[in-house]
$ cat structure19.tsv   # TSV, C-alpha atoms
chain	number	residue	atom	x	y	z
G	1	MET	CA	103.29	12.04	-121.83
G	2	ILE	CA	102.58	9.64	-118.98
G	3	THR	CA	98.86	9.10	-118.50
G	4	LYS	CA	96.78	8.75	-115.34
G	5	LYS	CA	95.78	5.27	-116.54
G	6	GLN	CA	99.44	4.22	-116.64
G	7	VAL	CA	99.89	5.34	-113.03
G	8	LEU	CA	96.69	3.58	-111.92
G	9	ASP	CA	97.78	0.41	-113.76
G	10	ALA	CA	101.20	0.58	-112.07
G	11	GLN	CA	99.50	0.93	-108.68
G	12	GLU	CA	97.28	-2.07	-109.42
G	13	LEU	CA	100.35	-4.13	-110.37
G	14	TRP	CA	102.12	-3.06	-107.19
G	15	GLY	CA	99.16	-3.93	-104.95
G	16	SER	CA	98.48	-7.28	-106.58
G	17	GLY	CA	102.22	-8.06	-106.41
G	18	VAL	CA	102.33	-7.42	-102.66
G	19	VAL	CA	99.31	-9.72	-102.22
G	20	LYS	CA	100.96	-12.41	-104.38
G	21	ILE	CA	104.18	-12.25	-102.36
G	22	GLY	CA	102.20	-12.91	-99.19
G	23	SER	CA	100.32	-15.79	-100.80
G	24	LEU	CA	103.68	-17.48	-101.45
G	25	LYS	CA	104.83	-17.19	-97.82
G	26	GLU	CA	104.84	-20.96	-97.22
G	27	ASP	CA	106.90	-21.68	-100.38
G	28	ARG	CA	110.06	-19.69	-99.67
G	29	ALA	CA	111.77	-20.45	-103.00
G	30	ALA	CA	108.75	-19.34	-105.05
G	31	CYS	CA	108.32	-16.30	-102.79
G	32	GLU	CA	111.93	-15.23	-103.36
G	33	ILE	CA	111.68	-15.72	-107.13
G	34	PHE	CA	108.45	-13.73	-107.37
G	35	ALA	CA	109.65	-10.95	-105.04
G	36	ASN	CA	112.87	-10.55	-107.03
G	37	ASP	CA	110.89	-10.35	-110.27
G	38	PHE	CA	108.42	-7.91	-108.63
G	39	LEU	CA	111.28	-5.55	-107.73
G	40	ASP	CA	112.81	-5.85	-111.21
G	41	ARG	CA	109.49	-5.21	-112.98
G	42	LEU	CA	108.20	-2.35	-110.83
G	43	TYR	CA	111.26	-0.55	-109.43
G	44	ALA	CA	114.20	1.23	-111.10
G	45	PHE	CA	116.96	-0.61	-109.19
G	46	ARG	CA	118.55	-1.80	-112.46
G	47	HIS	CA	119.04	1.86	-113.39
G	48	GLY	CA	120.58	3.04	-110.12
G	49	ALA	CA	119.64	3.86	-106.57
G	50	VAL	CA	115.97	4.18	-105.65
G	51	SER	CA	114.80	6.61	-102.97
G	52	PHE	CA	112.96	3.95	-100.96
G	53	LYS	CA	111.71	4.74	-97.45
G	54	PRO	CA	109.41	1.92	-96.32
G	55	THR	CA	106.84	2.18	-93.54
G	56	LYS	CA	108.07	-0.14	-90.80
G	57	CYS	CA	111.74	0.81	-90.50
G	58	ALA	CA	113.36	2.56	-87.56
G	59	VAL	CA	117.07	1.69	-87.73
G	60	GLU	CA	117.76	1.50	-91.47
G	61	GLN	CA	115.08	3.89	-92.68
G	62	PHE	CA	116.30	4.37	-96.24
G	63	ARG	CA	116.83	1.51	-98.69
G	64	PRO	CA	118.43	2.59	-101.99
G	65	THR	CA	119.38	-0.92	-103.17
G	66	LYS	CA	117.41	-3.93	-104.34
G	67	PRO	CA	118.80	-6.27	-101.62
G	68	GLU	CA	117.64	-3.79	-98.95
G	69	ALA	CA	114.18	-3.55	-100.53
G	70	LEU	CA	113.94	-7.33	-100.84
G	71	SER	CA	114.88	-7.62	-97.17
G	72	TYR	CA	112.00	-5.29	-96.28
G	73	PHE	CA	109.42	-7.11	-98.38
G	74	ILE	CA	110.26	-10.74	-97.50
G	75	ALA	CA	112.89	-10.72	-94.69
G	76	GLY	CA	114.24	-14.24	-94.14
G	77	SER	CA	117.34	-15.60	-92.43
G	78	ASP	CA	119.56	-13.96	-95.07
G	79	ARG	CA	117.88	-10.53	-94.80
G	80	VAL	CA	120.15	-7.54	-95.28
G	81	CYS	CA	118.49	-5.41	-92.60
G	82	LYS	CA	118.09	-7.22	-89.28
G	83	GLU	CA	115.00	-5.22	-88.21
G	84	ASP	CA	112.94	-6.54	-91.13
G	85	LYS	CA	110.01	-8.86	-90.50
G	86	GLY	CA	108.81	-9.19	-94.10
G	87	PHE	CA	106.16	-6.58	-94.72
G	88	ALA	CA	104.70	-8.30	-97.80
G	89	ILE	CA	104.50	-11.74	-96.21
G	90	GLN	CA	102.06	-10.45	-93.56
G	91	PRO	CA	100.11	-11.69	-95.66
G	92	TRP	CA	97.75	-9.11	-97.14
G	93	THR	CA	94.61	-10.03	-99.06
G	94	LYS	CA	94.05	-6.69	-100.78
G	95	VAL	CA	95.75	-3.36	-101.39
G	96	ARG	CA	93.80	-0.32	-102.53
G	97	PHE	CA	95.07	3.14	-103.39
G	98	GLU	CA	93.31	6.44	-102.75
G	99	ASN	CA	95.25	9.07	-104.63
G	100	ALA	CA	95.19	12.60	-103.22
G	101	ASN	CA	97.09	13.91	-106.23
G	102	ILE	CA	98.84	12.67	-109.36
G	103	ILE	CA	101.29	14.87	-111.24
G	104	LEU	CA	101.93	13.82	-114.84
G	105	GLU	CA	104.88	14.85	-116.99
G	106	GLU	CA	106.55	13.61	-120.15
G	107	ASN	CA	108.79	10.99	-118.50
G	108	ARG	CA	107.93	11.37	-114.81
G	109	ALA	CA	104.84	10.98	-112.66
G	110	LEU	CA	104.29	11.48	-108.96
G	111	ALA	CA	101.40	10.05	-106.97
G	112	MET	CA	100.55	10.77	-103.34
G	113	GLY	CA	97.78	9.63	-101.07
G	114	ASN	CA	96.80	6.76	-98.83
G	115	TYR	CA	96.92	3.09	-99.48
G	116	TYR	CA	95.08	0.50	-97.46
G	117	PHE	CA	96.28	-3.02	-96.72
G	118	THR	CA	93.65	-5.64	-95.81
G	119	ASP	CA	94.78	-8.49	-93.56
G	120	LEU	CA	93.37	-12.02	-93.24
G	121	ASP	CA	90.77	-10.83	-90.72
G	122	GLY	CA	89.47	-8.17	-93.11
G	123	GLU	CA	91.01	-5.33	-91.09
G	124	GLU	CA	92.52	-2.44	-93.05
G	125	THR	CA	95.76	-0.65	-92.22
G	126	LYS	CA	96.00	2.89	-93.58
G	127	VAL	CA	99.42	4.06	-94.78
G	128	GLU	CA	100.43	7.34	-96.43
G	129	TYR	CA	102.52	7.08	-99.57
G	130	THR	CA	104.34	8.99	-102.28
G	131	PHE	CA	105.54	7.12	-105.36
G	132	GLY	CA	107.67	8.64	-108.10
G	133	TYR	CA	107.68	6.95	-111.50
G	134	ARG	CA	110.00	7.31	-114.48
G	135	VAL	CA	109.67	5.85	-117.93
G	136	LEU	CA	112.52	3.37	-118.32
G	137	ASP	CA	112.72	0.79	-121.08
G	138	GLY	CA	109.23	1.90	-122.16
G	139	GLU	CA	107.63	1.12	-118.78
G	140	LEU	CA	106.87	3.01	-115.58
G	141	LYS	CA	109.37	2.17	-112.86
G	142	ILE	CA	109.28	3.38	-109.27
G	143	ASP	CA	112.33	5.43	-108.34
G	144	VAL	CA	110.82	7.17	-105.29
G	145	HIS	CA	108.84	5.22	-102.67
G	146	HIS	CA	108.02	6.82	-99.35
G	147	SER	CA	105.42	5.44	-96.99
G	148	SER	CA	104.59	6.10	-93.38
G	149	PHE	CA	101.82	5.69	-90.85
G	150	PRO	CA	99.56	8.71	-90.44
G	151	TYR	CA	100.38	11.12	-87.65
G	152	GLU	CA	98.35	10.49	-84.51
G	153	LEU	CA	97.33	13.28	-82.17
G	154	ASP	CA	98.11	12.73	-78.49
$ encode --input "structure19.tsv" --output "structure tokens"
Amino acid sequence: MITKKQVLDAQELWGSGVVKIGSLKEDRAACEIFANDFLDRLYAFRHGAVSFKPTKCAVEQFRPTKPEALSYFIAGSDRVCKEDKGFAIQPWTKVRFENANIILEENRALAMGNYYFTDLDGEETKVEYTFGYRVLDGELKIDVHHSSFPYELD
């Protein structure tokens, strides 16, 4: 059975990984190496397509492959999706999760809520998320990632 602690630990790894990617912005080679490892460690791309719908995408909204996810996180001149600006290289100084609900099963967990990204000026950006995790090779891997900005009333 997957535990709540495992999900919280996976969220902590994800948040600290996004911060680390941004900290490597000025060293492109190190940034690419770390971001590739980040995707391999935390996502299920090695096991097939991932249902990945990142926040800041309008043209290519869904990214089932690792190269498409990498393009979203770090962009670059060789990015797969031309609309990408490199979400993780903002950079962010902190990511915190506020879970609205976590569903735990034997080999699957789902978490939904808000996560907050702190920029260099200390300003937070609130984003809604749903992550799906599966146990693969004895570790939690993300196979569903949906995030979006909260709905704003007119």
$ residues_around --input "structure19.tsv" --residues "region 64-71 of chain G" --least-positions-apart "3" --cutoff "10 Å" --atoms "only C-alpha atoms" --output "PyMOL selection string"
chain G and resi 32+35-36+38-40+43-46+48-54+60-61+74-88+143-145
$ axis_aligned_box --input "structure19.tsv" --around "region 9-14 of chain G" --padding-each-side "6 Å" --output "AutoDock Vina command-line options"
--center_x 99.7 --center_y -1.6 --center_z -110.5 --size_x 16.8 --size_y 17.1 --size_z 18.6
$ residues_around --input "structure19.tsv" --residues "Tyr129 (chain G)" --least-positions-apart "2" --cutoff "9 Å" --atoms "all atoms listed in the file" --output "MDAnalysis selection string"
chainID G and resid 55 111:115 127 131 145:149
$ write_last_selection --input "structure19.tsv" --atoms "C-alpha atoms" --output "short mmCIF file (atom, residue, chain, number, x, y, z; two decimals), in the coordinates of the input"
data_model
loop_
_atom_site.label_atom_id
_atom_site.label_comp_id
_atom_site.auth_asym_id
_atom_site.auth_seq_id
_atom_site.Cartn_x
_atom_site.Cartn_y
_atom_site.Cartn_z
CA THR G 55 106.84 2.18 -93.54
CA ALA G 111 101.40 10.05 -106.97
CA MET G 112 100.55 10.77 -103.34
CA GLY G 113 97.78 9.63 -101.07
CA ASN G 114 96.80 6.76 -98.83
CA TYR G 115 96.92 3.09 -99.48
CA VAL G 127 99.42 4.06 -94.78
CA PHE G 131 105.54 7.12 -105.36
CA HIS G 145 108.84 5.22 -102.67
CA HIS G 146 108.02 6.82 -99.35
CA SER G 147 105.42 5.44 -96.99
CA SER G 148 104.59 6.10 -93.38
CA PHE G 149 101.82 5.69 -90.85
#
$ closest_residue --input "structure19.tsv" --among "G:Trp92, G:Tyr151, G:Phe62, G:Phe97" --to "Leu24 (chain G)" --atoms "all atoms listed in the file"
G:Trp92
$ closest_residue --input "structure19.tsv" --among "G:Glu26, G:Glu152, G:Asp37, G:Glu128" --to "Pro91 (chain G)" --atoms "only C-alpha atoms"
G:Glu26
$ residues_around --input "structure19.tsv" --residues "Val7 (chain G)" --least-positions-apart "5" --cutoff "12 Å" --atoms "only C-alpha atoms" --output "list in words"
Met1, Ile2, Glu12, Leu13, Trp14, Leu42, Phe97, Asn99, Asn101, Ile102, Ile103, Leu104, Glu105, Asn107, Arg108, Ala109, Leu110, Ala111, Met112, Phe131, Gly132, Tyr133, Arg134, Val135, Glu139, Leu140, Lys141 and Ile142 of chain G
$ atom_distance --input "structure19.tsv" --atom1 "CA of Glu98 (chain G)" --atom2 "CA of His47 (chain G)"
28.2 Å
$ atom_distance --input "structure19.tsv" --atom1 "CA of Gln6 (chain G)" --atom2 "CA of Glu106 (chain G)"
12.3 Å
$ atom_distance --input "structure19.tsv" --atom1 "CA of Lys25 (chain G)" --atom2 "CA of Leu120 (chain G)"
13.4 Å
$ closest_residue --input "structure19.tsv" --among "G:Asp121, G:Phe73, G:Leu136, G:Phe34" --to "Lys94 (chain G)" --atoms "all atoms listed in the file"
G:Asp121
$ closest_residue --input "structure19.tsv" --among "G:Ser23, G:Ser16, G:Thr118, G:Gln11" --to "Thr130 (chain G)" --atoms "all atoms listed in the file"
G:Gln11
$ closest_residue --input "structure19.tsv" --among "G:Lys4, G:Arg41, G:Arg28, G:Lys20" --to "Asp137 (chain G)" --atoms "only C-alpha atoms"
G:Arg41
$ closest_residue --input "structure19.tsv" --among "G:Arg63, G:Asp154, G:Val95, G:Gly138" --to "Lys126 (chain G)" --atoms "only C-alpha atoms"
G:Val95
